[in-house]
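Student: Take a look at the following structure, please.
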Amino acid sequence: MSYTSLLINTATTQRKHPGAIDAYGTPAPGWANELVNEPCRYSEPKNNEIKVGAEVLIYDLDLFMLDVDVTVQDRVILNGDTYEILGVKSRQDSSTVSHHKELAIRVVK
């Protein structure tokens with residue numbers, strides 16, 4: 001069984017963009033799709049706390065993706081819900097090559 005066969009869900013990542021200029025010459029920032037229908041798998045964590053700086057945050061899901069370009073400044077659309085990314089970890093295979101990403105995500109309210 002390969003890793004990719006375990007990725008039974010899909011998600012879309014979004015990245016901030018400056019947006020269009022309004023009538024007053026001010027950019028209206030927004031979100032643009034970055035990776036669409038990207039294979040992934042999510043699970044509910046047993047320990048759903050993550051330390052970000054000096055803060056301990058509660059997150060909702062672990063999200064596993066291929067070795068894609070994703071950062072904590074991005075967000076994820078999964079099953080119609082929008083999630084902020086609180087943490088991104090690169091995981092390696094038996095060599096030192098990055099194999100996949102593990103994300104801690106929390107629903108945006």
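By convention here, the chains of the structure tokens are called A, B, ... in the order presented, each chain's residues are numbered starting at 1, and ligands are numbered starting at 1 in the order presented.
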Write out as an MDAnalysis selection string each polymer residue whose atoms come within 8 Å of region 48-58 of chain A, counting only C-alpha atoms; drop sequence neighbours fewer than 4 positions from it.

Tutor: chainID A and resid 86:87 104 106

Student: With N, CA and C atoms kept, could you save the residues just selected as a PDB file, in the first residue's frame?

Tutor:
```
ATOM      1  N   LEU A  86      -2.459  26.260  11.554  1.00  0.00           N
ATOM      2  CA  LEU A  86      -1.717  26.675  12.739  1.00  0.00           C
ATOM      3  C   LEU A  86      -0.290  26.146  12.752  1.00  0.00           C
ATOM      4  N   GLY A  87      -0.051  25.034  12.070  1.00  0.00           N
ATOM      5  CA  GLY A  87       1.282  24.443  12.039  1.00  0.00           C
ATOM      6  C   GLY A  87       1.466  23.566  10.824  1.00  0.00           C
ATOM      7  N   ALA A 104      -1.671  21.121  11.211  1.00  0.00           N
ATOM      8  CA  ALA A 104      -2.642  21.273  12.300  1.00  0.00           C
ATOM      9  C   ALA A 104      -3.557  22.407  11.871  1.00  0.00           C
ATOM     10  N   ARG A 106      -7.481  24.548  12.149  1.00  0.00           N
ATOM     11  CA  ARG A 106      -8.608  24.920  13.015  1.00  0.00           C
ATOM     12  C   ARG A 106      -9.643  25.645  12.174  1.00  0.00           C
TER      13      ARG A 106
END
```

Student: Please provide the set of residues having any atom within 12 Å of region 66-71 of chain A, restricted to only C-alpha atoms, with same-chain residues fewer than 5 positions apart removed, written as JSON, numbers by chain.

Tutor: {"A": [3, 4, 5, 6, 7, 10, 11, 12, 13, 14, 15, 16, 33, 34, 35, 36, 38, 39, 40, 41, 76, 84, 85, 86, 87, 88, 89, 90, 91, 92, 93, 97, 98, 99, 100, 101, 102, 103, 104, 105]}

Student: What does the file look like for those residues with C-alpha atoms, as a PDB file, in the first residue's frame?

Tutor:
```pdb
ATOM      1  CA  TYR A   3       1.139   6.648   0.832  1.00  0.00           C
ATOM      2  CA  THR A   4      -0.831   8.229  -2.011  1.00  0.00           C
ATOM      3  CA  SER A   5      -3.455   5.462  -1.823  1.00  0.00           C
ATOM      4  CA  LEU A   6      -4.176   6.575   1.757  1.00  0.00           C
ATOM      5  CA  LEU A   7      -5.065  10.109   0.630  1.00  0.00           C
ATOM      6  CA  THR A  10      -9.362  16.322  -1.329  1.00  0.00           C
ATOM      7  CA  ALA A  11      -8.796  19.885  -0.189  1.00  0.00           C
ATOM      8  CA  THR A  12      -8.168  23.281  -1.720  1.00  0.00           C
ATOM      9  CA  THR A  13      -5.491  25.567  -0.318  1.00  0.00           C
ATOM     10  CA  GLN A  14      -5.854  29.310  -0.559  1.00  0.00           C
ATOM     11  CA  ARG A  15      -3.264  32.071  -0.351  1.00  0.00           C
ATOM     12  CA  LYS A  16      -3.756  35.775   0.367  1.00  0.00           C
ATOM     13  CA  ASN A  33      -7.124  29.237  -4.742  1.00  0.00           C
ATOM     14  CA  GLU A  34      -3.587  27.880  -4.823  1.00  0.00           C
ATOM     15  CA  LEU A  35      -3.928  24.065  -4.971  1.00  0.00           C
ATOM     16  CA  VAL A  36      -7.344  22.789  -6.056  1.00  0.00           C
ATOM     17  CA  GLU A  38      -5.292  18.316  -3.729  1.00  0.00           C
ATOM     18  CA  PRO A  39      -5.232  14.721  -2.400  1.00  0.00           C
ATOM     19  CA  CYS A  40      -5.160  14.625   1.391  1.00  0.00           C
ATOM     20  CA  ARG A  41      -6.375  12.770   4.446  1.00  0.00           C
ATOM     21  CA  VAL A  76      -7.591  25.168   3.628  1.00  0.00           C
ATOM     22  CA  GLU A  84      -6.716  28.251   9.239  1.00  0.00           C
ATOM     23  CA  ILE A  85      -3.357  26.499   9.318  1.00  0.00           C
ATOM     24  CA  LEU A  86      -1.717  26.675  12.739  1.00  0.00           C
ATOM     25  CA  GLY A  87       1.282  24.443  12.039  1.00  0.00           C
ATOM     26  CA  VAL A  88       3.050  22.730   9.154  1.00  0.00           C
ATOM     27  CA  LYS A  89       5.553  19.895   9.637  1.00  0.00           C
ATOM     28  CA  SER A  90       7.580  18.333   6.835  1.00  0.00           C
ATOM     29  CA  ARG A  91       7.906  14.573   7.264  1.00  0.00           C
ATOM     30  CA  GLN A  92      10.680  12.495   5.697  1.00  0.00           C
ATOM     31  CA  ASP A  93      10.705   9.003   4.310  1.00  0.00           C
ATOM     32  CA  VAL A  97      13.994  13.708   1.432  1.00  0.00           C
ATOM     33  CA  SER A  98      10.762  15.459   2.441  1.00  0.00           C
ATOM     34  CA  HIS A  99       7.935  13.007   1.848  1.00  0.00           C
ATOM     35  CA  HIS A 100       4.726  14.715   2.947  1.00  0.00           C
ATOM     36  CA  LYS A 101       3.303  17.527   5.086  1.00  0.00           C
ATOM     37  CA  GLU A 102       1.354  17.258   8.312  1.00  0.00           C
ATOM     38  CA  LEU A 103      -0.823  20.264   9.121  1.00  0.00           C
ATOM     39  CA  ALA A 104      -2.642  21.273  12.300  1.00  0.00           C
ATOM     40  CA  ILE A 105      -5.795  23.109  11.214  1.00  0.00           C
TER      41      ILE A 105
END
```

Student: Could you pull out the strand (DSSP E or B) residues of region 35-107 of chain A, going by DSSP on the backbone, and write them as a ChimeraX atom specification?

Tutor: /A:35-43,49-52,55-58,61-66,75-78,81-92,98-107

Student: Any chance you can output those residues with C-alpha atoms as a short mmCIF file (atom, residue, chain, number, x, y, z; two decimals), in the first residue's frame?

Tutor:
```cif
data_model
loop_
_atom_site.label_atom_id
_atom_site.label_comp_id
_atom_site.auth_asym_id
_atom_site.auth_seq_id
_atom_site.Cartn_x
_atom_site.Cartn_y
_atom_site.Cartn_z
CA LEU A 35 -3.93 24.07 -4.97
CA VAL A 36 -7.34 22.79 -6.06
CA ASN A 37 -8.63 19.28 -5.25
CA GLU A 38 -5.29 18.32 -3.73
CA PRO A 39 -5.23 14.72 -2.40
CA CYS A 40 -5.16 14.62 1.39
CA ARG A 41 -6.37 12.77 4.45
CA TYR A 42 -7.65 14.21 7.69
CA SER A 43 -8.04 12.75 11.14
CA GLU A 49 -2.95 21.29 21.38
CA ILE A 50 -0.17 23.02 19.48
CA LYS A 51 2.32 25.56 20.79
CA VAL A 52 2.64 28.62 18.55
CA GLU A 55 0.67 30.50 23.04
CA VAL A 56 -0.97 27.07 23.28
CA LEU A 57 -3.79 26.72 20.74
CA ILE A 58 -6.47 24.08 20.28
CA LEU A 61 -7.88 18.27 12.62
CA ASP A 62 -4.60 16.78 11.48
CA LEU A 63 -4.33 17.09 7.71
CA PHE A 64 -1.86 15.01 5.71
CA MET A 65 -0.87 16.16 2.21
CA LEU A 66 1.81 15.39 -0.33
CA ARG A 75 -5.80 28.39 4.62
CA VAL A 76 -7.59 25.17 3.63
CA ILE A 77 -11.09 24.45 2.32
CA LEU A 78 -12.09 20.94 3.36
CA ASP A 81 -15.46 24.38 5.75
CA THR A 82 -12.63 26.90 5.89
CA TYR A 83 -9.67 26.16 8.18
CA GLU A 84 -6.72 28.25 9.24
CA ILE A 85 -3.36 26.50 9.32
CA LEU A 86 -1.72 26.67 12.74
CA GLY A 87 1.28 24.44 12.04
CA VAL A 88 3.05 22.73 9.15
CA LYS A 89 5.55 19.89 9.64
CA SER A 90 7.58 18.33 6.84
CA ARG A 91 7.91 14.57 7.26
CA GLN A 92 10.68 12.49 5.70
CA SER A 98 10.76 15.46 2.44
CA HIS A 99 7.94 13.01 1.85
CA HIS A 100 4.73 14.72 2.95
CA LYS A 101 3.30 17.53 5.09
CA GLU A 102 1.35 17.26 8.31
CA LEU A 103 -0.82 20.26 9.12
CA ALA A 104 -2.64 21.27 12.30
CA ILE A 105 -5.79 23.11 11.21
CA ARG A 106 -8.61 24.92 13.02
CA VAL A 107 -11.98 25.89 11.59
#
```

Student: Enter the distance from CA of Glu44 (chain A) to CA of Lys109 (chain A), in Å, rounded to one decimal.

Tutor: 18.2 Å
